[in-house]
Amino acid sequence: MAKILIIGAGGVGNVVTRKCAGGWHGQAVLGRGSDPRCFDEIILASRTKSKCDAIAAALDRPITTAQVDADNVPQMVALIKKHTPDLVLNVALPYQDLPIMDACLETRTDYLDTANYEPIDEAKFEYSWQWAYHDRFKAAGIMALLGSGFDPGVTNVFCAYAQKHYFDEIHTIDIVDCNAGDHGHPFATNFNPEINIREITQKGKYWENGQWKEIDPMSVSMDIDFPEVGVRKGYLLYHEEEESLVKHITGLKRIRFWMTFGDAYINHLQVLQNVGMTSIEPGYKETAAQAVSYTTGVPAMIGAQMMLSGQWKKPGVHNIEQFNPDPFMAALNTHGLGWKIIEGKTLE
C-alpha cells in the first residue's frame, strides 16, 4: 500500500499513470496493469492540469490531479507536503530534475526519474549534477533512482543481468537502439523534438581504454543486423547510460551507443540545421508536452514498484544497474516488454 506522485502528463506520464492505475476501461496496455496494492493512491500533476484531468477521465479508478510548475521548488515542496507521497516519479522534462530533487530532499521523499539532468541553455547532459546529491539524500535517509526508463533504464538492467548471470567480466558493450516503425510522415521525432534534436546534433562520444573519445555529430555509422528487423544503419551517439555503466560494470574496456535513423530523417535534419532551426540560442519556447514511447513509461512504473515494495531500497542517489536485476527483468515480461537472449557476434 503506497501513495505515488507523478510529475508530468506528456506521453510518458500518460503511460506510467495508466500502468500504475492497472490499465484503463477494463484493459491493460501490452500486458497486465500493475498490482493495484502497490499504488494505493495516485496523484498526477503537471503545468497543465487539463492534461492530467484527461488522463484521469480514461481510468477505471479515481486518481487525484493537480497543477504545478516543476521548475518552482516552493510549489513542488507545497505539493509534496499536501499529498505526502511515498515516492515522487518524475517524468517531466530533464531540465526539471534538480528542482524536483531539491523538493524531495526538503520533504524527505524518495525520487525516481527516467532521464538525467541537462541545463536548459546548453545541449549537454551528464549524471554529475545528480550524483552530487548522493550524500545529502543518504543523510536524509531517502533514495533517488536515476534513469528508470528504457535507455537509460532497461538497457542498464540488461547489462547488470548479463554481468550477474553470464560473465565474470564484460569488456565491451554496444547498446543498439532501432525503431523499425513507419509513421508515414516525411519527418517526425519519436519523442520530445527538442530533446531529440539536441541529443543527436551535439558531439558524439564513446568510452575506450579508460578515456572518453569525442567525434563530430553523426560522423560514424555502421550497418547493424537487428533481430526480427534486419539490417539498419546505426549512428554512433553519446547517451547517458554510458556514463554510469562505465562506473558499475566490471572489466569494461569500451562502451558505445548506436541509434538508427532513416535517410529522410537525416536529410530533413540537415536542412533544419542549415537554416538555423536546430539552434537553442535565438530563443526558447516551452511546449509543456512530450511524446515519448510506451517503453519509457513501463520501466518507470516497474522501478517505482521495486522501490515501494522494498526490493530496491538504499538511501542515496543510485543508478538502476546498481540493484539486483532479477525482479525487474521478471516484471518486464509481466508488463508487456518481453525480452530474450540471443548470442551473436561482437560489433567491431
# chains A, B, ... in the order shown; residues from 1 in each chain; ligands from 1
call {"tool": "residues_around", "arguments": {"residues": "region 94-107 of chain A", "least_positions_apart": "4", "cutoff": "6 Å", "atoms": "only C-alpha atoms", "output": "number ranges by chain"}}
result
A: 71, 73, 76-77, 117-120
call {"tool": "write_last_selection", "arguments": {"atoms": "N, CA and C atoms", "output": "PDB file, in the first residue's frame"}}
result
ATOM      1  N   ASP A  71       9.549  23.590 -12.211  1.00  0.00           N
ATOM      2  CA  ASP A  71      10.762  24.390 -12.072  1.00  0.00           C
ATOM      3  C   ASP A  71      10.781  25.164 -10.758  1.00  0.00           C
ATOM      4  N   VAL A  73      10.671  25.284  -6.978  1.00  0.00           N
ATOM      5  CA  VAL A  73      10.878  24.409  -5.824  1.00  0.00           C
ATOM      6  C   VAL A  73       9.834  24.639  -4.732  1.00  0.00           C
ATOM      7  N   MET A  76       6.716  22.840  -5.692  1.00  0.00           N
ATOM      8  CA  MET A  76       6.883  21.390  -5.569  1.00  0.00           C
ATOM      9  C   MET A  76       6.848  20.967  -4.103  1.00  0.00           C
ATOM     10  N   VAL A  77       7.504  21.715  -3.247  1.00  0.00           N
ATOM     11  CA  VAL A  77       7.509  21.392  -1.815  1.00  0.00           C
ATOM     12  C   VAL A  77       6.092  21.431  -1.261  1.00  0.00           C
ATOM     13  N   TYR A 117      19.718  14.906 -15.822  1.00  0.00           N
ATOM     14  CA  TYR A 117      19.573  16.359 -15.913  1.00  0.00           C
ATOM     15  C   TYR A 117      20.385  16.924 -17.068  1.00  0.00           C
ATOM     16  N   GLU A 118      19.834  17.926 -17.724  1.00  0.00           N
ATOM     17  CA  GLU A 118      20.601  18.747 -18.645  1.00  0.00           C
ATOM     18  C   GLU A 118      20.150  20.192 -18.499  1.00  0.00           C
ATOM     19  N   PRO A 119      21.082  21.137 -18.600  1.00  0.00           N
ATOM     20  CA  PRO A 119      20.709  22.545 -18.455  1.00  0.00           C
ATOM     21  C   PRO A 119      19.874  23.011 -19.635  1.00  0.00           C
ATOM     22  N   ILE A 120      19.006  23.964 -19.388  1.00  0.00           N
ATOM     23  CA  ILE A 120      18.073  24.410 -20.413  1.00  0.00           C
ATOM     24  C   ILE A 120      18.768  25.173 -21.533  1.00  0.00           C
TER      25      ILE A 120
END
call {"tool": "select_by_dssp", "arguments": {"residues": "region 112-159 of chain A", "states": "strand (DSSP E)", "output": "JSON, numbers by chain"}}
result
{"A": [112, 113, 143, 144, 145, 146]}
call {"tool": "closest_residue", "arguments": {"among": "A:Leu89, A:Ile249, A:Ala57, A:Val298", "to": "Gly338 (chain A)", "atoms": "only C-alpha atoms"}}
result
A:Val298
call {"tool": "residues_around", "arguments": {"residues": "Val220 (chain A)", "least_positions_apart": "2", "cutoff": "7 Å", "atoms": "only C-alpha atoms", "output": "ChimeraX atom specification"}}
result
/A:218,235-236
call {"tool": "closest_residue", "arguments": {"among": "A:Glu199, A:Asp113, A:Glu241, A:Glu208", "to": "Ile302 (chain A)", "atoms": "only C-alpha atoms"}}
result
A:Asp113
call {"tool": "closest_residue", "arguments": {"among": "A:Leu5, A:Val154, A:Met306, A:Val231", "to": "Thr84 (chain A)", "atoms": "only C-alpha atoms"}}
result
A:Leu5
call {"tool": "select_by_dssp", "arguments": {"residues": "region 37-166 of chain A", "states": "alpha helix (DSSP H)", "output": "count of residues only"}}
result
54
call {"tool": "atom_distance", "arguments": {"atom1": "CA of Phe261 (chain A)", "atom2": "CA of Val176 (chain A)"}}
result
11.8 Å
call {"tool": "residues_around", "arguments": {"residues": "Ile341 (chain A)", "least_positions_apart": "2", "cutoff": "12 Å", "atoms": "only C-alpha atoms", "output": "number ranges by chain"}}
result
A: 158-159, 161-162, 165-166, 227, 329, 338-339, 343-344
call {"tool": "write_last_selection", "arguments": {"atoms": "C-alpha atoms", "output": "JSON list (two decimals), in the first residue's frame"}}
result
[["chain", "number", "residue", "atom", "x", "y", "z"],
["A", 158, "PHE", "CA", 20.24, -5.88, -19.21],
["A", 159, "CYS", "CA", 23.94, -5.15, -18.57],
["A", 161, "TYR", "CA", 21.74, -9.08, -15.58],
["A", 162, "ALA", "CA", 24.44, -10.23, -18.02],
["A", 165, "HIS", "CA", 24.44, -14.43, -14.65],
["A", 166, "TYR", "CA", 26.73, -14.79, -17.68],
["A", 227, "PRO", "CA", 16.89, -9.42, -34.70],
["A", 329, "MET", "CA", 13.67, -8.45, -15.57],
["A", 338, "GLY", "CA", 9.23, -9.20, -23.18],
["A", 339, "TRP", "CA", 12.90, -9.95, -23.71],
["A", 343, "GLU", "CA", 24.06, -14.97, -28.75],
["A", 344, "GLY", "CA", 25.69, -13.22, -31.69]]
call {"tool": "residues_around", "arguments": {"residues": "Asn179 (chain A)", "least_positions_apart": "5", "cutoff": "9 Å", "atoms": "only C-alpha atoms", "output": "list in words"}}
result
Asn190, Val229, Met259, Thr260 and Phe261 of chain A
call {"tool": "atom_distance", "arguments": {"atom1": "CA of Thr201 (chain A)", "atom2": "CA of Pro152 (chain A)"}}
result
18.9 Å
